[in-house]
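**Student:** File name coords-v9.txt; file contents compact mmCIF, C-alpha atoms; full text below.
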```txt
# COMPACT_ATOMS: atom_id res chain seq x y z
CA MET A 24 8.45 31.21 4.04
CA GLY A 25 7.21 28.28 1.94
CA PHE A 26 5.59 25.10 3.04
CA ASN A 27 7.96 23.06 5.21
CA PHE A 28 7.22 19.63 3.76
CA LYS A 29 9.59 17.90 6.19
CA LYS A 30 7.27 18.83 9.05
CA SER A 31 4.15 17.68 7.21
CA THR A 32 2.20 14.59 8.20
CA THR A 33 2.19 13.30 4.63
CA PHE A 34 6.00 13.51 4.43
CA ARG A 35 6.28 11.53 7.67
CA LEU A 36 3.77 9.03 6.28
CA ALA A 37 5.84 8.64 3.10
CA GLN A 38 9.03 8.20 5.12
CA ALA A 39 7.35 5.60 7.35
CA ALA A 40 6.07 3.77 4.24
CA LYS A 41 9.59 3.70 2.76
CA ALA A 42 11.04 2.40 6.02
CA GLN A 43 8.30 -0.22 6.26
CA ARG A 44 8.92 -1.39 2.70
CA ALA A 45 12.67 -1.63 3.27
CA ARG A 46 12.25 -3.52 6.54
CA SER A 47 9.59 -5.74 5.01
CA GLY A 48 11.93 -6.44 2.11
CA ALA A 49 14.65 -7.54 4.50
CA HIS A 50 12.30 -9.95 6.28
CA LEU A 51 10.84 -11.28 3.02
CA SER A 52 14.21 -11.80 1.37
CA ARG A 53 15.06 -14.25 4.16
CA ILE A 54 12.16 -16.42 2.99
CA GLY A 55 12.87 -15.98 -0.72
CA LEU A 56 10.27 -13.32 -1.56
CA HIS A 57 10.24 -9.74 -2.77
CA PRO A 58 7.83 -7.10 -1.41
CA GLY A 59 4.42 -7.56 -3.00
CA GLN A 60 4.84 -11.26 -3.69
CA GLU A 61 3.67 -12.14 -0.20
CA ALA A 62 0.42 -10.27 -0.86
CA VAL A 63 -0.26 -12.49 -3.89
CA LEU A 64 0.20 -15.57 -1.72
CA LYS A 65 -2.04 -14.15 1.02
CA VAL A 66 -4.83 -13.24 -1.45
CA LEU A 67 -4.69 -16.73 -2.94
CA SER A 68 -4.73 -18.28 0.54
CA GLU A 69 -8.07 -16.54 1.13
CA THR A 70 -9.56 -17.48 -2.26
CA ASP A 71 -7.51 -19.80 -4.43
CA GLY A 72 -8.01 -19.88 -8.19
CA LYS A 73 -8.33 -16.19 -8.96
CA THR A 74 -7.89 -14.82 -12.46
CA MET A 75 -5.13 -12.33 -13.16
CA SER A 76 -7.71 -9.51 -13.31
CA GLN A 77 -9.16 -10.55 -9.97
CA LEU A 78 -5.68 -10.62 -8.44
CA ALA A 79 -4.88 -7.16 -9.85
CA LEU A 80 -8.09 -5.79 -8.38
CA ALA A 81 -7.52 -7.44 -4.99
CA LEU A 82 -3.95 -6.13 -4.83
CA GLY A 83 -4.73 -2.68 -6.18
CA VAL A 84 -2.16 -2.95 -8.98
CA GLN A 85 -2.19 -3.02 -12.77
CA PRO A 86 -2.58 -6.37 -14.58
CA PRO A 87 0.97 -6.30 -16.06
CA THR A 88 2.35 -6.05 -12.51
CA VAL A 89 0.38 -9.13 -11.47
CA THR A 90 1.56 -10.99 -14.56
CA LYS A 91 5.18 -10.30 -13.65
CA MET A 92 4.66 -11.32 -10.00
CA VAL A 93 2.80 -14.52 -10.91
CA THR A 94 5.46 -15.43 -13.47
CA ARG A 95 8.18 -15.08 -10.83
CA LEU A 96 6.17 -16.96 -8.20
CA THR A 97 5.51 -19.73 -10.74
CA ALA A 98 9.25 -20.00 -11.45
CA GLN A 99 9.78 -20.43 -7.70
CA GLY A 100 7.17 -23.17 -7.58
CA LEU A 101 4.90 -21.23 -5.20
CA VAL A 102 1.92 -20.87 -7.54
CA PHE A 103 0.71 -22.42 -10.78
CA ARG A 104 -1.66 -21.38 -13.54
CA ARG A 105 -4.49 -23.50 -14.86
CA ILE A 106 -6.77 -22.72 -17.78
CA SER A 107 -10.33 -22.11 -16.60
CA GLU A 108 -12.65 -25.07 -17.07
CA THR A 109 -15.53 -22.76 -18.02
CA ASP A 110 -13.65 -20.23 -20.19
CA GLY A 111 -10.57 -21.35 -22.08
CA ARG A 112 -9.43 -17.73 -22.48
CA LEU A 113 -8.94 -17.32 -18.72
CA ALA A 114 -6.10 -18.64 -16.62
CA ARG A 115 -6.61 -19.09 -12.92
CA VAL A 116 -3.80 -18.91 -10.38
CA PHE A 117 -3.51 -21.45 -7.55
CA LEU A 118 -1.15 -21.93 -4.63
CA SER A 119 1.16 -24.91 -4.77
CA GLU A 120 1.85 -26.90 -1.61
CA GLU A 121 5.15 -25.06 -1.29
CA GLY A 122 3.24 -21.78 -1.64
CA ARG A 123 0.90 -22.80 1.17
CA ASP A 124 3.89 -23.65 3.35
CA ARG A 125 5.48 -20.28 2.56
CA ILE A 126 2.40 -18.46 3.87
CA LEU A 127 3.28 -19.59 7.39
CA LEU A 128 6.67 -17.91 6.97
CA VAL A 129 5.00 -14.79 5.54
CA ASP A 130 2.74 -14.60 8.59
CA ARG A 131 5.76 -14.84 10.89
CA ALA A 132 7.57 -12.11 8.93
CA TRP A 133 4.51 -9.84 9.09
CA LYS A 134 4.13 -10.42 12.83
CA ARG A 135 7.80 -9.61 13.36
CA LEU A 136 7.48 -6.45 11.26
CA GLU A 137 4.35 -5.40 13.14
CA LYS A 138 6.13 -5.88 16.47
CA GLU A 139 9.14 -3.84 15.30
CA ALA A 140 7.06 -1.04 13.77
CA LEU A 141 4.82 -0.57 16.80
CA ALA A 142 7.42 -1.03 19.55
CA GLY A 143 6.83 1.38 22.41
CA MET A 144 3.13 1.89 21.62
CA ASP A 145 0.36 0.63 23.86
CA ASP A 146 -2.78 -1.07 22.54
CA LYS A 147 -4.79 2.15 22.67
CA ASP A 148 -2.24 3.99 20.50
CA ARG A 149 -2.03 1.07 18.08
CA LYS A 150 -5.80 1.05 17.60
CA LYS A 151 -5.88 4.80 17.19
CA LEU A 152 -3.06 4.68 14.63
CA ARG A 153 -4.88 1.97 12.63
CA ARG A 154 -8.05 4.07 12.65
CA LEU A 155 -6.21 7.22 11.60
CA LEU A 156 -4.35 5.42 8.82
CA ARG A 157 -7.63 3.98 7.51
CA GLN A 158 -8.99 7.54 7.39
CA VAL A 159 -5.89 8.81 5.55
CA GLU A 160 -6.20 5.92 3.09
CA LYS A 161 -9.87 6.71 2.55
CA ASN A 162 -9.13 10.41 2.07
CA LEU A 163 -6.35 9.75 -0.42
CA SER A 164 -8.41 7.18 -2.29
CA ALA A 165 -11.25 9.66 -2.81
CA SER A 166 -11.35 11.17 -6.25
CA PHE A 167 -12.58 14.57 -7.29
CA GLU A 168 -15.52 12.86 -9.02
CA ASP A 169 -16.52 11.28 -5.71
CA ASP A 170 -16.39 14.63 -3.89
CA PRO A 171 -16.83 17.69 -6.14
CA ASP A 172 -16.37 19.96 -3.11
CA LEU A 173 -12.87 18.58 -2.61
CA GLU A 174 -11.45 20.45 -5.62
CA ASP A 175 -13.09 23.71 -4.49
CA GLU A 176 -11.74 23.17 -0.98
CA LEU A 177 -8.20 22.70 -2.30
CA GLU A 178 -8.49 25.80 -4.52
CA ASN A 179 -9.73 27.86 -1.55
CA GLU A 180 -6.80 26.63 0.56
CA ASP A 181 -4.41 27.69 -2.21
CA LYS A 182 -6.03 31.15 -2.45
CA THR A 183 -5.86 31.58 1.32
CA ALA A 184 -2.20 30.59 1.35
CA GLN A 185 -1.45 33.02 -1.48
CA GLU A 186 -3.29 35.83 0.31
CA GLN A 187 -1.38 35.15 3.53
CA ALA A 188 1.91 35.16 1.65
CA ALA A 189 1.01 38.47 -0.02
CA LYS A 190 0.11 40.05 3.34
CA LYS A 191 3.39 38.84 4.81
CA VAL A 192 5.32 40.41 1.93
CA GLU A 193 3.39 43.69 2.43
CA LEU A 194 4.17 43.69 6.16
CA GLU A 195 7.84 42.98 5.57
CA ALA A 196 8.03 45.74 2.96
CA ALA A 197 6.35 48.21 5.38
CA ASP A 198 9.00 47.53 8.04
```
Do you think you could lay out the structure here as structure tokens?
**Tutor:**
Amino acid sequence: MGFNFKKSTTFRLAQAAKAQRARSGAHLSRIGLHPGQEAVLKVLSETDGKTMSQLALALGVQPPTVTKMVTRLTAQGLVFRRISETDGRLARVFLSEEGRDRILLVDRAWKRLEKEALAGMDDKDRKKLRRLLRQVEKNLSASFEDDPDLEDELENEDKTAQEQAAKKVELEAAD
């Protein structure tokens, strides 16, 4: 029998991420935002006046994605671009007053989403889940260059799985 992906932790994680994004989208649409746009506002609320490259890095997305988001947020009047005073080739992105006001609504939406997602869990389980998710994120962010043993480990797991499958076929054939 093959790998039952529906019982895997990573499948459940992907399903939870999809559900979170959908639910987040519902909350954000009520305040006139699409998923991802709120993150731009939050990053700018921490450090206003970032360049597009800095925003892309902070959000973990490609620069064209940031350009599209900033263009849409600008059209909504939530952010504005200003040419850098020190380098005329750079544009910096700033929150407008309306953007600052919208952050309060974003925070409420995130709190509501957090409450819904973690309903029925006590504080101990919530902390443990956060810790485990940080570890999963770290593991999935690691590249083969960062950990050369990781590729060997994965190859060994594949060989072991193939050997077990071959033994199972042999046993079934012997019966």
**Student:** Please return, as an MDAnalysis selection string, all polymer residues that have at least one atom within 12 Å of the point (-7.0, -7.2, -12.7); use all atoms listed in the file and the file's own coordinate frame.
**Tutor:** chainID A and resid 73:90 113 115
**Student:** Under the rule that all atoms listed in the file are counted, which of A:Lys150, A:Ala140, A:Thr97, A:Thr32 is the nearest residue to Ala45 in chain A?
**Tutor:**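 Counting all atoms listed in the file, the residue closest to Ala45 in chain A is A:Ala140.
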**Student:** Looking at A:Phe117, A:Thr109, A:Phe28, A:Leu56, which one is nearest to Gly72 in chain A, with distances taken over all atoms listed in the file?
**Tutor:**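 Among the listed residues, the smallest separation from Gly72 in chain A belongs to A:Phe117.
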**Student:** Nearest to Glu121 in chain A among A:Leu101, A:Val63, A:Leu155, A:Ile106, with distances taken over all atoms listed in the file: which residue is it?
**Tutor:**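 Of all the options, A:Leu101 lies closest to Glu121 in chain A.
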**Student:** Please indicate the distance in Å from CA of Leu51 in chain A to CA of Val66 in chain A, rounded to one decimal place.
**Tutor:**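 Between CA of Leu51 in chain A and CA of Val66 in chain A the gap is 16.4 Å.
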**Student:** Just the residues within 7 Å of Leu64 in chain A, please, counting all atoms listed in the file, with nothing from its chain fewer than 3 positions along; format it as a PyMOL selection string.
**Tutor:** chain A and resi 60-61+67-68+122+126
**Student:** Between CA of Glu108 in chain A and CA of Val93 in chain A, what is the distance, to one decimal in Å?
**Tutor:**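 Separation between CA of Glu108 in chain A and CA of Val93 in chain A: 19.7 Å.
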**Student:** Distance CA of Ala40 in chain A-CA of Thr94 in chain A, one decimal place?
**Tutor:**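 Interatomic distance here is 26.1 Å.
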**Student:** Need to verify the contact set: range 135-138 of chain A, 10 Å, all atoms listed in the file, exclusion of same-chain residues closer than 2 positions in sequence. Can you return it as number ranges by chain?
**Tutor:** A: 43, 46-47, 49-50, 129-133, 140-144
**Student:** Save range 40-169 of chain A to disk from that block, C-alpha atoms included, as a tab-separated table (two decimals), in the first residue's frame.
**Tutor:**
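See decode.tsv below for the written result:
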```
chain	number	residue	atom	x	y	z
A	40	ALA	CA	-3.58	26.65	6.01
A	41	LYS	CA	-6.26	26.64	3.29
A	42	ALA	CA	-9.02	26.92	5.89
A	43	GLN	CA	-7.16	29.72	7.66
A	44	ARG	CA	-6.68	31.64	4.41
A	45	ALA	CA	-10.35	31.27	3.48
A	46	ARG	CA	-11.54	32.34	6.93
A	47	SER	CA	-9.03	35.18	7.00
A	48	GLY	CA	-10.26	36.27	3.58
A	49	ALA	CA	-13.82	36.41	4.86
A	50	HIS	CA	-12.82	38.58	7.82
A	51	LEU	CA	-10.59	40.83	5.71
A	52	SER	CA	-13.17	41.33	2.97
A	53	ARG	CA	-15.45	42.91	5.58
A	54	ILE	CA	-12.84	45.63	6.07
A	55	GLY	CA	-12.06	46.02	2.36
A	56	LEU	CA	-8.84	43.99	2.16
A	57	HIS	CA	-7.64	40.84	0.45
A	58	PRO	CA	-5.40	38.26	2.16
A	59	GLY	CA	-1.82	39.51	2.16
A	60	GLN	CA	-2.71	43.19	2.03
A	61	GLU	CA	-3.08	43.33	5.79
A	62	ALA	CA	0.49	42.08	6.16
A	63	VAL	CA	1.75	45.04	4.10
A	64	LEU	CA	-0.09	47.42	6.42
A	65	LYS	CA	1.26	45.66	9.52
A	66	VAL	CA	4.87	45.72	8.24
A	67	LEU	CA	4.56	49.43	7.47
A	68	SER	CA	3.03	50.08	10.88
A	69	GLU	CA	6.21	48.67	12.44
A	70	THR	CA	8.59	50.58	10.14
A	71	ASP	CA	7.02	53.09	7.78
A	72	GLY	CA	8.82	54.15	4.61
A	73	LYS	CA	10.15	50.82	3.39
A	74	THR	CA	11.29	50.31	-0.18
A	75	MET	CA	9.55	47.74	-2.35
A	76	SER	CA	12.53	45.38	-1.96
A	77	GLN	CA	12.43	45.75	1.81
A	78	LEU	CA	8.70	45.02	1.82
A	79	ALA	CA	9.19	41.93	-0.39
A	80	LEU	CA	11.87	40.64	1.97
A	81	ALA	CA	9.79	41.33	5.08
A	82	LEU	CA	6.75	39.60	3.58
A	83	GLY	CA	8.66	36.70	2.05
A	84	VAL	CA	7.28	37.34	-1.43
A	85	GLN	CA	8.65	38.33	-4.82
A	86	PRO	CA	8.97	42.05	-5.70
A	87	PRO	CA	6.28	41.90	-8.46
A	88	THR	CA	3.81	40.62	-5.85
A	89	VAL	CA	4.59	43.58	-3.59
A	90	THR	CA	4.24	45.98	-6.50
A	91	LYS	CA	0.76	44.65	-7.24
A	92	MET	CA	-0.29	44.81	-3.57
A	93	VAL	CA	1.06	48.33	-3.08
A	94	THR	CA	-0.62	49.51	-6.28
A	95	ARG	CA	-3.97	48.20	-5.03
A	96	LEU	CA	-3.48	49.61	-1.54
A	97	THR	CA	-2.53	52.97	-3.08
A	98	ALA	CA	-5.74	52.95	-5.14
A	99	GLN	CA	-7.66	52.38	-1.90
A	100	GLY	CA	-5.89	55.31	-0.27
A	101	LEU	CA	-4.29	53.14	2.42
A	102	VAL	CA	-0.66	53.73	1.43
A	103	PHE	CA	1.29	56.16	-0.73
A	104	ARG	CA	4.65	56.12	-2.46
A	105	ARG	CA	7.26	58.82	-2.15
A	106	ILE	CA	10.56	59.07	-4.02
A	107	SER	CA	13.50	58.62	-1.64
A	108	GLU	CA	15.17	61.87	-0.62
A	109	THR	CA	18.60	60.23	-0.75
A	110	ASP	CA	18.20	58.09	-3.90
A	111	GLY	CA	15.84	59.26	-6.62
A	112	ARG	CA	15.70	55.74	-8.07
A	113	LEU	CA	13.98	54.37	-4.96
A	114	ALA	CA	10.37	54.77	-3.97
A	115	ARG	CA	9.41	54.37	-0.34
A	116	VAL	CA	5.97	53.24	0.80
A	117	PHE	CA	4.17	54.95	3.68
A	118	LEU	CA	0.87	54.42	5.46
A	119	SER	CA	-1.79	57.03	4.95
A	120	GLU	CA	-3.97	58.09	7.88
A	121	GLU	CA	-6.71	55.84	6.53
A	122	GLY	CA	-4.17	53.00	6.39
A	123	ARG	CA	-3.26	53.59	10.03
A	124	ASP	CA	-6.94	53.51	10.96
A	125	ARG	CA	-7.41	50.26	9.02
A	126	ILE	CA	-4.70	48.56	11.09
A	127	LEU	CA	-7.00	48.69	14.11
A	128	LEU	CA	-9.58	46.77	12.09
A	129	VAL	CA	-6.91	44.31	10.91
A	130	ASP	CA	-5.91	43.66	14.52
A	131	ARG	CA	-9.54	42.97	15.44
A	132	ALA	CA	-9.91	40.59	12.47
A	133	TRP	CA	-6.72	38.74	13.42
A	134	LYS	CA	-7.83	38.44	17.04
A	135	ARG	CA	-11.20	37.08	15.92
A	136	LEU	CA	-9.50	34.59	13.59
A	137	GLU	CA	-7.11	33.50	16.34
A	138	LYS	CA	-10.02	32.93	18.72
A	139	GLU	CA	-11.92	30.89	16.11
A	140	ALA	CA	-8.90	28.83	15.06
A	141	LEU	CA	-7.86	27.91	18.59
A	142	ALA	CA	-11.31	27.36	20.12
A	143	GLY	CA	-11.30	24.42	22.50
A	144	MET	CA	-7.55	24.57	23.17
A	145	ASP	CA	-6.09	25.57	26.50
A	146	ASP	CA	-3.11	27.92	26.86
A	147	LYS	CA	-0.66	25.03	27.21
A	148	ASP	CA	-1.82	23.48	23.92
A	149	ARG	CA	-1.74	26.85	22.17
A	150	LYS	CA	1.85	27.45	23.23
A	151	LYS	CA	2.85	23.95	22.23
A	152	LEU	CA	1.18	24.35	18.82
A	153	ARG	CA	3.00	27.66	18.23
A	154	ARG	CA	6.31	26.03	19.13
A	155	LEU	CA	5.66	23.03	16.89
A	156	LEU	CA	4.59	25.21	13.97
A	157	ARG	CA	7.76	27.31	14.36
A	158	GLN	CA	9.77	24.08	14.15
A	159	VAL	CA	7.88	22.94	11.04
A	160	GLU	CA	8.44	26.35	9.46
A	161	LYS	CA	12.14	26.17	10.29
A	162	ASN	CA	12.41	22.64	8.90
A	163	LEU	CA	10.63	23.54	5.68
A	164	SER	CA	12.65	26.72	5.27
A	165	ALA	CA	15.93	24.81	5.49
A	166	SER	CA	17.57	24.21	2.15
A	167	PHE	CA	19.77	21.33	1.10
A	168	GLU	CA	22.71	23.77	1.01
A	169	ASP	CA	22.11	24.60	4.68
```
